[in-house]
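Note: the block below is work-v2.pdb and it holds PDB, C-alpha atoms and all ligand atoms.
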```
ATOM      1  CA  MET A  88     124.047 108.826 112.349
ATOM      2  CA  LEU A  89     120.910 108.893 114.418
ATOM      3  CA  VAL A  90     118.712 105.871 113.735
ATOM      4  CA  ARG A  91     115.149 105.467 115.005
ATOM      5  CA  THR A  92     114.436 101.792 115.712
ATOM      6  CA  LEU A  93     111.311 100.399 114.062
ATOM      7  CA  GLU A  94     111.469  96.701 114.822
ATOM      8  CA  VAL A  95     113.935  94.193 116.277
ATOM      9  CA  GLY A  96     113.941  90.418 115.844
ATOM     10  CA  VAL A  97     114.370  88.113 118.836
ATOM     11  CA  CYS A  98     116.552  85.007 118.581
ATOM     12  CA  GLY A  99     118.072  82.261 120.711
ATOM     13  CA  THR A 100     121.068  84.442 121.543
ATOM     14  CA  ASP A 101     118.763  87.063 123.124
ATOM     15  CA  ARG A 102     117.124  84.338 125.210
ATOM     16  CA  GLU A 103     120.501  83.050 126.379
ATOM     17  CA  ILE A 104     121.613  86.562 127.329
ATOM     18  CA  SER A 105     118.362  87.219 129.188
ATOM     19  CA  GLU A 106     118.978  84.024 131.182
ATOM     20  CA  GLY A 107     122.460  85.220 132.087
ATOM     21  CA  LEU A 108     124.200  82.522 130.025
ATOM     22  CA  PHE A 109     125.815  84.756 127.397
ATOM     23  CA  GLY A 110     126.556  88.400 126.629
ATOM     24  CA  ILE A 111     128.841  91.073 128.123
ATOM     25  CA  ALA A 112     127.749  94.565 129.185
ATOM     26  CA  PRO A 113     129.768  97.567 127.907
ATOM     27  CA  GLN A 114     132.836  98.398 129.964
ATOM     28  CA  ASP A 115     132.032  99.814 133.415
ATOM     29  CA  GLU A 116     128.304  99.226 132.929
ATOM     30  CA  GLN A 117     125.962  96.801 134.657
ATOM     31  CA  LEU A 118     123.322  96.578 131.953
ATOM     32  CA  LEU A 119     123.320  95.505 128.324
ATOM     33  CA  VAL A 120     120.591  96.771 126.003
ATOM     34  CA  LEU A 121     119.619  93.829 123.779
ATOM     35  CA  GLY A 122     118.683  93.870 120.097
ATOM     36  CA  HIS A 123     120.897  92.857 117.181
ATOM     37  CA  GLU A 124     118.341  92.044 114.452
ATOM     38  CA  ALA A 125     117.412  95.642 113.789
ATOM     39  CA  LEU A 126     115.321  97.527 111.319
ATOM     40  CA  GLY A 127     115.435 101.289 111.688
ATOM     41  CA  VAL A 128     114.988 104.546 109.875
ATOM     42  CA  VAL A 129     117.611 107.267 109.395
ATOM     43  CA  GLU A 130     116.684 110.432 111.298
ATOM     44  CA  GLN A 131     118.702 113.011 109.370
ATOM     45  CA  ASP A 132     120.536 113.376 106.016
ATOM     46  CA  GLY A 133     124.230 112.550 105.960
ATOM     47  CA  TYR A 134     126.966 110.183 104.824
ATOM     48  CA  GLY A 135     124.997 109.298 101.671
ATOM     49  CA  PHE A 136     121.805 108.532 103.618
ATOM     50  CA  THR A 137     118.633 110.577 103.545
ATOM     51  CA  ARG A 138     116.105 111.081 106.326
ATOM     52  CA  GLY A 139     113.481 108.340 106.180
ATOM     53  CA  GLN A 140     115.785 105.731 104.587
ATOM     54  CA  LEU A 141     115.249 102.227 105.993
ATOM     55  CA  VAL A 142     118.424 100.673 107.376
ATOM     56  CA  THR A 143     119.793  97.788 109.346
ATOM     57  CA  ALA A 144     123.211  97.604 111.010
ATOM     58  CA  THR A 145     126.011  95.047 111.173
ATOM     59  CA  VAL A 146     126.396  93.257 114.502
ATOM     60  CA  ARG A 147     130.105  92.623 115.003
ATOM     61  CA  ARG A 148     132.682  95.402 115.183
ATOM     62  CA  SER A 149     136.479  95.316 114.859
ATOM     63  CA  CYS A 150     138.775  94.312 117.749
ATOM     64  CA  CYS A 151     141.216  96.856 116.234
ATOM     65  CA  HIS A 152     144.222  94.585 116.669
ATOM     66  CA  CYS A 153     144.082  91.552 114.403
ATOM     67  CA  LEU A 154     144.693  90.783 110.767
ATOM     68  CA  ALA A 155     141.070  89.851 110.018
ATOM     69  CA  CYS A 156     139.621  93.004 111.592
ATOM     70  CA  ALA A 157     142.280  95.118 109.812
ATOM     71  CA  GLU A 158     140.955  93.597 106.590
ATOM     72  CA  GLU A 159     137.375  94.524 107.548
ATOM     73  CA  SER A 160     136.420  90.944 108.387
ATOM     74  CA  PRO A 161     135.477  91.072 112.070
ATOM     75  CA  ASP A 162     133.311  88.011 111.340
ATOM     76  CA  SER A 163     136.666  86.175 111.191
ATOM     77  CA  CYS A 164     138.217  88.046 114.158
ATOM     78  CA  LEU A 165     141.333  86.268 115.418
ATOM     79  CA  THR A 166     141.374  87.588 119.004
ATOM     80  CA  GLY A 167     137.768  87.403 120.213
ATOM     81  CA  ASP A 168     138.118  91.000 121.440
ATOM     82  CA  TYR A 169     135.414  92.221 119.044
ATOM     83  CA  SER A 170     132.234  93.899 120.194
ATOM     84  CA  GLU A 171     128.745  92.964 119.010
ATOM     85  CA  ARG A 172     125.679  95.180 119.122
ATOM     86  CA  GLY A 173     123.259  93.939 121.741
ATOM     87  CA  ILE A 174     125.489  90.952 122.594
ATOM     88  CA  THR A 175     129.061  91.819 123.525
ATOM     89  CA  ARG A 176     130.304  95.105 125.012
ATOM     90  CA  LEU A 177     127.978  97.274 122.894
ATOM     91  CA  HIS A 178     124.346  98.214 123.510
ATOM     92  CA  GLY A 179     121.799  97.000 120.977
ATOM     93  CA  TYR A 180     118.744  98.342 119.202
ATOM     94  CA  ASP A 181     115.950  97.672 121.713
ATOM     95  CA  ARG A 182     115.548 101.409 122.354
ATOM     96  CA  GLU A 183     113.991 104.329 120.494
ATOM     97  CA  LEU A 184     117.102 106.059 119.159
ATOM     98  CA  VAL A 185     120.585 104.746 118.464
ATOM     99  CA  ALA A 186     123.706 106.673 117.441
ATOM    100  CA  GLU A 187     125.393 104.512 114.816
ATOM    101  CA  ASP A 188     128.637 104.608 112.851
ATOM    102  CA  PRO A 189     127.409 105.240 109.263
ATOM    103  CA  GLU A 190     129.880 102.667 107.934
ATOM    104  CA  GLN A 191     127.999  99.973 109.842
ATOM    105  CA  LEU A 192     124.629 100.839 108.309
ATOM    106  CA  VAL A 193     123.178  98.756 105.492
ATOM    107  CA  ALA A 194     120.431 100.282 103.344
ATOM    108  CA  ILE A 195     117.155  98.367 103.095
ATOM    109  CA  PRO A 196     115.252  98.937  99.836
ATOM    110  CA  LYS A 197     111.720 100.311 100.116
ATOM    111  CA  SER A 198     110.428  97.232  98.284
ATOM    112  CA  LEU A 199     111.593  95.035 101.178
ATOM    113  CA  GLY A 200     109.975  97.271 103.822
ATOM    114  CA  ARG A 201     109.398  95.638 107.218
ATOM    115  CA  LEU A 202     110.861  92.360 105.933
ATOM    116  CA  GLY A 203     114.194  94.138 106.366
ATOM    117  CA  VAL A 204     114.026  92.915 109.985
ATOM    118  CA  LEU A 205     115.090  89.526 108.580
ATOM    119  CA  ALA A 206     118.354  90.894 107.146
ATOM    120  CA  GLU A 207     120.485  89.862 110.139
ATOM    121  CA  PRO A 208     119.543  86.159 110.306
ATOM    122  CA  THR A 209     119.723  86.084 106.493
ATOM    123  CA  SER A 210     123.269  87.497 106.610
ATOM    124  CA  ILE A 211     124.265  84.563 108.860
ATOM    125  CA  CYS A 212     122.963  82.138 106.209
ATOM    126  CA  GLU A 213     124.658  84.048 103.393
ATOM    127  CA  ARG A 214     128.031  83.762 105.121
ATOM    128  CA  ALA A 215     127.490  80.054 105.727
ATOM    129  CA  LEU A 216     126.595  79.438 102.085
ATOM    130  CA  ARG A 217     129.432  81.607 100.751
ATOM    131  CA  HIS A 218     131.945  79.705 102.856
ATOM    132  CA  SER A 219     130.361  76.348 101.969
ATOM    133  CA  ARG A 220     130.670  77.167  98.278
ATOM    134  CA  THR A 221     134.282  78.293  98.705
ATOM    135  CA  ILE A 222     135.178  75.148 100.636
ATOM    136  CA  GLY A 223     133.252  72.841  98.293
ATOM    137  CA  GLY A 224     134.670  74.662  95.277
ATOM    138  CA  ARG A 225     138.296  74.037  96.273
ATOM    139  CA  GLN A 226     137.957  70.889  94.178
ATOM    140  CA  PRO A 227     135.538  69.913  91.395
ATOM    141  CA  TRP A 228     132.132  69.845  93.164
ATOM    142  CA  GLN A 229     128.519  70.532  92.382
ATOM    143  CA  LEU A 230     125.939  71.740  94.859
ATOM    144  CA  GLU A 231     122.950  69.695  93.687
ATOM    145  CA  ARG A 232     121.373  68.253  96.846
ATOM    146  CA  ALA A 233     121.288  70.010 100.208
ATOM    147  CA  LEU A 234     119.915  68.998 103.590
ATOM    148  CA  VAL A 235     118.943  71.647 106.129
ATOM    149  CA  ILE A 236     118.443  70.341 109.669
ATOM    150  CA  GLY A 237     116.169  72.595 111.718
ATOM    151  CA  ALA A 238     113.273  74.801 110.618
ATOM    152  CA  GLY A 239     113.661  77.835 112.866
ATOM    153  CA  ALA A 240     114.444  81.208 111.295
ATOM    154  CA  ILE A 241     117.977  80.182 110.259
ATOM    155  CA  GLY A 242     116.896  76.803 108.843
ATOM    156  CA  LEU A 243     114.039  78.407 106.916
ATOM    157  CA  LEU A 244     116.119  81.265 105.549
ATOM    158  CA  ALA A 245     118.890  78.855 104.505
ATOM    159  CA  THR A 246     116.231  76.749 102.763
ATOM    160  CA  TYR A 247     114.927  79.784 100.874
ATOM    161  CA  LEU A 248     118.410  80.972  99.845
ATOM    162  CA  LEU A 249     119.256  77.509  98.511
ATOM    163  CA  ARG A 250     115.942  77.340  96.659
ATOM    164  CA  LEU A 251     116.656  80.783  95.120
ATOM    165  CA  ALA A 252     119.750  79.130  93.639
ATOM    166  CA  ASP A 253     117.540  76.208  92.476
ATOM    167  CA  VAL A 254     119.284  73.664  94.661
ATOM    168  CA  GLU A 255     117.254  70.525  95.479
ATOM    169  CA  VAL A 256     116.616  70.964  99.210
ATOM    170  CA  THR A 257     115.323  68.692 101.951
ATOM    171  CA  THR A 258     114.598  70.413 105.255
ATOM    172  CA  ALA A 259     114.176  68.237 108.322
ATOM    173  CA  SER A 260     112.822  69.143 111.719
ATOM    174  CA  LEU A 261     110.800  67.717 114.593
ATOM    175  CA  GLU A 262     107.355  69.142 113.728
ATOM    176  CA  PRO A 263     104.990  66.886 111.737
ATOM    177  CA  GLU A 264     104.731  69.375 108.857
ATOM    178  CA  ASN A 265     106.019  72.732 107.706
ATOM    179  CA  GLU A 266     104.145  74.679 105.075
ATOM    180  CA  LEU A 267     106.764  77.405 104.725
ATOM    181  CA  VAL A 268     109.384  74.842 103.747
ATOM    182  CA  GLU A 269     107.056  73.366 101.143
ATOM    183  CA  GLN A 270     106.107  76.756  99.688
ATOM    184  CA  SER A 271     109.758  77.230  98.725
ATOM    185  CA  GLY A 272     109.697  74.025  96.674
ATOM    186  CA  ALA A 273     111.864  72.195  99.205
ATOM    187  CA  GLN A 274     110.851  68.824 100.597
ATOM    188  CA  TYR A 275     109.918  68.768 104.282
ATOM    189  CA  VAL A 276     110.713  65.709 106.372
ATOM    190  CA  SER A 277     109.681  65.233 109.996
ATOM    191  CA  THR A 278     112.475  63.655 112.021
ATOM    192  CA  HIS A 279     109.779  62.337 114.318
ATOM    193  CA  ASP A 280     108.933  59.606 111.811
ATOM    194  CA  ASN A 281     112.106  59.465 109.706
ATOM    195  CA  GLU A 282     115.764  58.758 110.354
ATOM    196  CA  LEU A 283     118.075  61.314 108.732
ATOM    197  CA  SER A 284     120.188  58.410 107.455
ATOM    198  CA  ALA A 285     117.223  57.233 105.355
ATOM    199  CA  LEU A 286     117.230  60.483 103.333
ATOM    200  CA  GLY A 287     120.272  59.595 101.240
ATOM    201  CA  LYS A 288     123.445  61.647 100.961
ATOM    202  CA  PHE A 289     123.994  65.323 100.248
ATOM    203  CA  ASP A 290     126.552  67.717  98.761
ATOM    204  CA  LEU A 291     125.824  70.154 101.573
ATOM    205  CA  VAL A 292     124.347  69.643 105.037
ATOM    206  CA  ILE A 293     123.495  72.636 107.203
ATOM    207  CA  GLU A 294     122.861  72.042 110.894
ATOM    208  CA  ALA A 295     120.592  74.792 112.212
ATOM    209  CA  ALA A 296     118.842  72.863 114.963
ATOM    210  CA  GLY A 297     121.517  73.451 117.606
ATOM    211  CA  ASN A 298     121.983  69.785 118.515
ATOM    212  CA  ALA A 299     125.571  68.586 118.917
ATOM    213  CA  GLN A 300     124.630  64.935 118.350
ATOM    214  CA  LEU A 301     123.050  65.845 115.005
ATOM    215  CA  MET A 302     126.088  67.980 114.197
ATOM    216  CA  ALA A 303     128.317  64.898 114.551
ATOM    217  CA  GLN A 304     125.919  62.893 112.400
ATOM    218  CA  THR A 305     126.129  65.375 109.517
ATOM    219  CA  LEU A 306     129.462  63.815 108.492
ATOM    220  CA  GLY A 307     127.722  60.517 107.746
ATOM    221  CA  LEU A 308     125.186  62.278 105.508
ATOM    222  CA  LEU A 309     127.681  63.624 102.994
ATOM    223  CA  ARG A 310     128.207  62.560  99.416
ATOM    224  CA  ARG A 311     131.761  62.429  98.113
ATOM    225  CA  SER A 312     133.402  65.887  98.509
ATOM    226  CA  GLY A 313     130.426  66.975 100.613
ATOM    227  CA  VAL A 314     130.510  69.885 103.041
ATOM    228  CA  ALA A 315     128.765  70.098 106.421
ATOM    229  CA  CYS A 316     128.218  73.522 107.952
ATOM    230  CA  LEU A 317     127.262  74.059 111.597
ATOM    231  CA  LEU A 318     125.158  77.126 112.473
ATOM    232  CA  GLY A 319     123.030  76.187 115.498
ATOM    233  CA  ILE A 320     124.715  76.425 118.899
ATOM    234  CA  ASP A 321     124.489  73.658 121.519
ATOM    235  CA  PRO A 322     126.259  74.551 124.776
ATOM    236  CA  HIS A 323     125.277  71.368 126.705
ATOM    237  CA  HIS A 324     128.102  69.375 128.256
ATOM    238  CA  GLN A 325     127.612  65.926 126.782
ATOM    239  CA  THR A 326     129.404  63.205 124.887
ATOM    240  CA  VAL A 327     128.223  62.790 121.329
ATOM    241  CA  GLU A 328     128.512  59.546 119.398
ATOM    242  CA  LEU A 329     129.820  58.957 115.942
ATOM    243  CA  ASP A 330     130.524  55.652 114.228
ATOM    244  CA  GLY A 331     134.355  55.502 114.106
ATOM    245  CA  PRO A 332     134.847  54.783 110.389
ATOM    246  CA  VAL A 333     132.557  57.706 109.409
ATOM    247  CA  LEU A 334     135.247  59.992 110.811
ATOM    248  CA  GLY A 335     138.299  57.735 110.505
ATOM    249  CA  VAL A 336     137.706  56.416 106.991
ATOM    250  CA  ASP A 337     134.976  58.181 104.996
ATOM    251  CA  THR A 338     135.957  61.758 105.884
ATOM    252  CA  ILE A 339     139.377  61.051 104.389
ATOM    253  CA  LEU A 340     138.533  58.754 101.481
ATOM    254  CA  GLU A 341     135.590  60.953 100.426
ATOM    255  CA  ASN A 342     137.205  64.377 100.964
ATOM    256  CA  HIS A 343     134.604  65.611 103.449
ATOM    257  CA  VAL A 344     134.724  68.877 105.380
ATOM    258  CA  LEU A 345     132.854  69.831 108.570
ATOM    259  CA  PHE A 346     133.047  73.499 109.565
ATOM    260  CA  GLY A 347     131.314  76.118 111.691
ATOM    261  CA  SER A 348     130.289  79.639 110.719
ATOM    262  CA  VAL A 349     129.391  82.665 112.837
ATOM    263  CA  ASN A 350     128.312  86.225 112.155
ATOM    264  CA  ALA A 351     128.569  87.842 108.695
ATOM    265  CA  HIS A 352     130.856  89.976 106.556
ATOM    266  CA  ARG A 353     129.506  93.189 105.036
ATOM    267  CA  GLN A 354     129.306  91.444 101.662
ATOM    268  CA  ASP A 355     126.963  88.885 103.267
ATOM    269  CA  TRP A 356     124.719  91.687 104.530
ATOM    270  CA  LEU A 357     124.496  93.150 101.037
ATOM    271  CA  ALA A 358     123.757  89.706  99.574
ATOM    272  CA  ALA A 359     121.151  89.135 102.310
ATOM    273  CA  VAL A 360     119.251  92.299 101.464
ATOM    274  CA  ASP A 361     119.337  91.517  97.716
ATOM    275  CA  ASP A 362     118.319  87.889  98.145
ATOM    276  CA  LEU A 363     115.534  88.678 100.611
ATOM    277  CA  ASP A 364     114.088  91.051  98.055
ATOM    278  CA  ARG A 365     114.409  88.416  95.318
ATOM    279  CA  ALA A 366     112.765  85.855  97.613
ATOM    280  CA  ARG A 367     109.949  88.323  98.352
ATOM    281  CA  GLU A 368     109.342  88.712  94.602
ATOM    282  CA  ARG A 369     109.323  84.960  94.040
ATOM    283  CA  TRP A 370     107.350  83.891  97.162
ATOM    284  CA  PRO A 371     105.544  87.053  98.370
ATOM    285  CA  GLU A 372     103.015  85.262 100.585
ATOM    286  CA  ALA A 373     105.553  82.951 102.167
ATOM    287  CA  LEU A 374     107.940  85.726 103.139
ATOM    288  CA  GLU A 375     105.133  87.580 104.906
ATOM    289  CA  GLN A 376     104.647  84.512 107.118
ATOM    290  CA  PHE A 377     108.197  84.457 108.502
ATOM    291  CA  VAL A 378     107.431  86.831 111.358
ATOM    292  CA  THR A 379     104.692  85.135 113.369
ATOM    293  CA  LEU A 380     104.498  87.453 116.382
ATOM    294  CA  ARG A 381     104.972  91.247 116.591
ATOM    295  CA  LEU A 382     104.793  92.782 120.072
ATOM    296  CA  PRO A 383     105.475  96.151 121.695
ATOM    297  CA  LEU A 384     108.732  96.463 123.651
ATOM    298  CA  ASP A 385     107.102  96.139 127.082
ATOM    299  CA  ARG A 386     105.828  92.658 126.138
ATOM    300  CA  PHE A 387     109.361  91.393 125.483
ATOM    301  CA  GLN A 388     108.824  88.443 127.825
ATOM    302  CA  GLU A 389     106.159  86.943 125.555
ATOM    303  CA  ALA A 390     108.380  87.495 122.535
ATOM    304  CA  PHE A 391     111.207  85.644 124.303
ATOM    305  CA  GLU A 392     108.916  82.740 125.141
ATOM    306  CA  HIS A 393     107.521  82.482 121.611
ATOM    307  CA  ARG A 394     108.291  79.297 119.672
ATOM    308  CA  GLY A 395     107.412  78.544 116.046
ATOM    309  CA  GLY A 396     108.509  81.396 113.801
ATOM    310  CA  LYS A 397     110.242  84.695 114.366
ATOM    311  CA  ALA A 398     108.997  87.073 117.064
ATOM    312  CA  THR A 399     109.829  90.778 116.834
ATOM    313  CA  LEU A 400     109.577  93.772 119.132
ATOM    314  CA  VAL A 401     107.961  96.778 117.496
ATOM    315  CA  LEU A 402     109.235 100.156 118.707
ATOM    316  CA  SER A 403     107.719 102.408 116.084
ATOM    317  CA  ASP A 404     105.331 102.076 113.088
TER     318      ASP A 404
HETATM  319  C1  LIG A 501     124.329  86.576 115.974
HETATM  320  C2  LIG A 501     125.734  86.747 115.442
HETATM  321  C3  LIG A 501     126.737  86.717 116.572
HETATM  322  C4  LIG A 501     126.531  85.429 117.379
HETATM  323  C5  LIG A 501     127.516  85.272 118.527
HETATM  324  C6  LIG A 501     124.241  85.355 116.851
HETATM  325  O1  LIG A 501     122.958  85.288 117.395
HETATM  326  O2  LIG A 501     123.423  86.439 114.912
HETATM  327  O3  LIG A 501     125.835  87.966 114.745
HETATM  328  O4  LIG A 501     128.039  86.785 116.061
HETATM  329  O5  LIG A 501     125.211  85.395 117.874
HETATM  330  O6  LIG A 501     127.467  86.319 119.447
END
```
Would you mind writing the file's structure down as structure tokens?
Amino acid sequence: MLVRTLEVGVCGTDREISEGLFGIAPQDEQLLVLGHEALGVVEQDGYGFTRGQLVTATVRRSCCHCLACAEESPDSCLTGDYSERGITRLHGYDRELVAEDPEQLVAIPKSLGRLGVLAEPTSICERALRHSRTIGGRQPWQLERALVIGAGAIGLLATYLLRLADVEVTTASLEPENELVEQSGAQYVSTHDNELSALGKFDLVIEAAGNAQLMAQTLGLLRRSGVACLLGIDPHHQTVELDGPVLGVDTILENHVLFGSVNAHRQDWLAAVDDLDRARERWPEALEQFVTLRLPLDRFQEAFEHRGGKATLVLSD
């Protein structure tokens, strides 16, 4: 299918690739076209899509030789030989037209419109929450109190998804205040003035700040049977500290789990689109504030430097 790109979100992964720290160009090529948080429009009828339909596309594609990919779960690929649009061995969406496998397209409802550009980061959060619930639910467990560390796009979207499920959420980050967090009905706490350990204990802790020291600390913030999920990436070589008995005693005696989650299964994409639309209905003004900077493609540098909210590159109106 031919897809015309409308808008593409920029994230930390794009910045890392642009700095030469991550990413692999397609075989026998020197360049990699970025762009994995895509919103586009279908150019012609076919495969159940009609011209003009808004779409996004999955990021990770099968390695073609492992059990997980054979079961259509490249998000759980067992070899690492997968490709990812705009990241690994496959060009992305930062260009006018893209030829896409129709099976990788995900329809965006008209009601969601340009907010469909948030589908990709939302799918990451959906996978994390689905796995957290599966892990937590392996034994009697209730998701009543959640802590989200970090208030970038992933932290905010995780906060909103948890609030959609009426979970009591505290979101903590460095900035003194965060209106978007509060508009969701979550409590915002600045880690500048507060220790995370003073916030009590949680059934679920999501680390979306990308700080390995905080990741280690999440274990000490769990209630009995609590689950900690790591989403932010921290590539720094460093030694992190953790009080011995938190790992050596409490993790065992209190049935804790710490796990990481990457990418998203197709079911998470479908849930992301549905939940974004439900969030838009419940908090219309807040959702409109998620994208704080929209720039044309040739101003990509400014988009990459932008901090405080999601920046997007606009290719077509
Ligand atoms: C993307 C994921 C991808 C991961 C690792 C993230 O930025 O959202 O889809 O799997 O990077 O490449």
Using all atoms listed in the file, which residues of the polymer chains come no farther than 7 Å from ligand LIG 501 (chain A)? I'd like the answer as a PDB file with C-alpha atoms, keeping the file's coordinate frame.
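The result, written out as pocket.pdb:
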```pdb
ATOM      1  CA  CYS A  98     116.552  85.007 118.581  1.00  0.00           C
ATOM      2  CA  GLY A  99     118.072  82.261 120.711  1.00  0.00           C
ATOM      3  CA  THR A 100     121.068  84.442 121.543  1.00  0.00           C
ATOM      4  CA  VAL A 146     126.396  93.257 114.502  1.00  0.00           C
ATOM      5  CA  ARG A 147     130.105  92.623 115.003  1.00  0.00           C
ATOM      6  CA  GLU A 171     128.745  92.964 119.010  1.00  0.00           C
ATOM      7  CA  ILE A 174     125.489  90.952 122.594  1.00  0.00           C
ATOM      8  CA  GLU A 207     120.485  89.862 110.139  1.00  0.00           C
ATOM      9  CA  PRO A 208     119.543  86.159 110.306  1.00  0.00           C
ATOM     10  CA  ILE A 211     124.265  84.563 108.860  1.00  0.00           C
ATOM     11  CA  VAL A 349     129.391  82.665 112.837  1.00  0.00           C
ATOM     12  CA  ASN A 350     128.312  86.225 112.155  1.00  0.00           C
ATOM     13  CA  ALA A 351     128.569  87.842 108.695  1.00  0.00           C
TER      14      ALA A 351
END
```
Check: So which residues touch A:His393 within 10 Å, counting all atoms listed in the file, skipping near sequence neighbours fewer than 5 positions away, as a ChimeraX atom specification?
Finding: /A:97-98,379-380,387-388,398-399
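Look at A:Glu282: the protein and nucleic acid residues within 12 Å of it, using all atoms listed in the file and passing over chain neighbours fewer than 2 places away, are Ile236, Ala259, Ser260, Leu261, Val276, Ser277, Thr278, His279, Asp280, Ser284, Ala285, Leu286, Gly287, Leu301, Gln304 and Leu308 of chain A.
Ranking A:Arg365, A:Arg353, A:His178, A:Lys197 by their shortest atom-to-atom distance to A:Gly122, with all atoms listed in the file included, puts A:His178 first.
With only C-alpha atoms as the atoms that count, the minimum distance from A:Asp330 to the choices A:Cys316, A:Leu248, A:Leu184, A:Ala303 is reached by A:Ala303.
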Notebook entry, point to check: Skipping near chain neighbours, those fewer than 6 positions away, what residues fall within 10 Å of A:Asp188 using only C-alpha atoms, listed as number ranges by chain?
Noted result: A: 88-89, 134, 144
Requested write-out: C-alpha atoms of the selected residues, as a PDB file, in the frame of the given file:
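For reference, result07.pdb as written:
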```
ATOM      1  CA  MET A  88     124.047 108.826 112.349  1.00  0.00           C
ATOM      2  CA  LEU A  89     120.910 108.893 114.418  1.00  0.00           C
ATOM      3  CA  TYR A 134     126.966 110.183 104.824  1.00  0.00           C
ATOM      4  CA  ALA A 144     123.211  97.604 111.010  1.00  0.00           C
TER       5      ALA A 144
END
```
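With distances restricted to all atoms listed in the file, A:Leu382 is the closest residue to A:Gly96 from A:Cys212, A:Leu329, A:Leu382, A:Leu154.
Using only C-alpha atoms, the smallest distance between any of A:Glu158, A:Glu231, A:Asp253, A:Asp321 and A:Phe289 comes from A:Glu231.
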Margin query: I'd like to see the residues matched by the PyMOL selection byres (((chain A and resi 249) around 10) and not hetatm) on this file, and ideally I'd get them as number ranges by chain.
Written below: A: 212-213, 216, 230-235, 243-248, 250-256, 271, 273
Item checked: the PyMOL selection byres (((chain A and resi 239) around 8) and not hetatm) applied to the shown file, residues as a ChimeraX atom specification -> /A:237-238,240-243,295-296,395-397
Next item on the list: Check the smallest atom-to-atom distance from each of A:Leu199, A:Leu291, A:Val120, A:Leu267 to A:Gly173 using only C-alpha atoms, then report the winner.
Entry: A:Val120
Notebook entry, point to check: Given the file above and the PyMOL selection byres (((chain A and resi 313) around 6) and not hetatm), which residues are selected, and can you give them as a PyMOL selection string?
Noted result: chain A and resi 290-291+309-312+314+343
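Minimum atom-to-atom distance to A:Leu318, evaluated using only C-alpha atoms, belongs to A:Leu345 out of A:Leu384, A:Leu345, A:Ala358, A:Ala366.
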Next item on the list: Dump as a PyMOL selection string all residues having an atom at most 7 Å from (127.6, 95.1, 128.0), computed in the file's coordinates with all atoms listed in the file.
Entry: chain A and resi 110-114+116+118-119+175-178
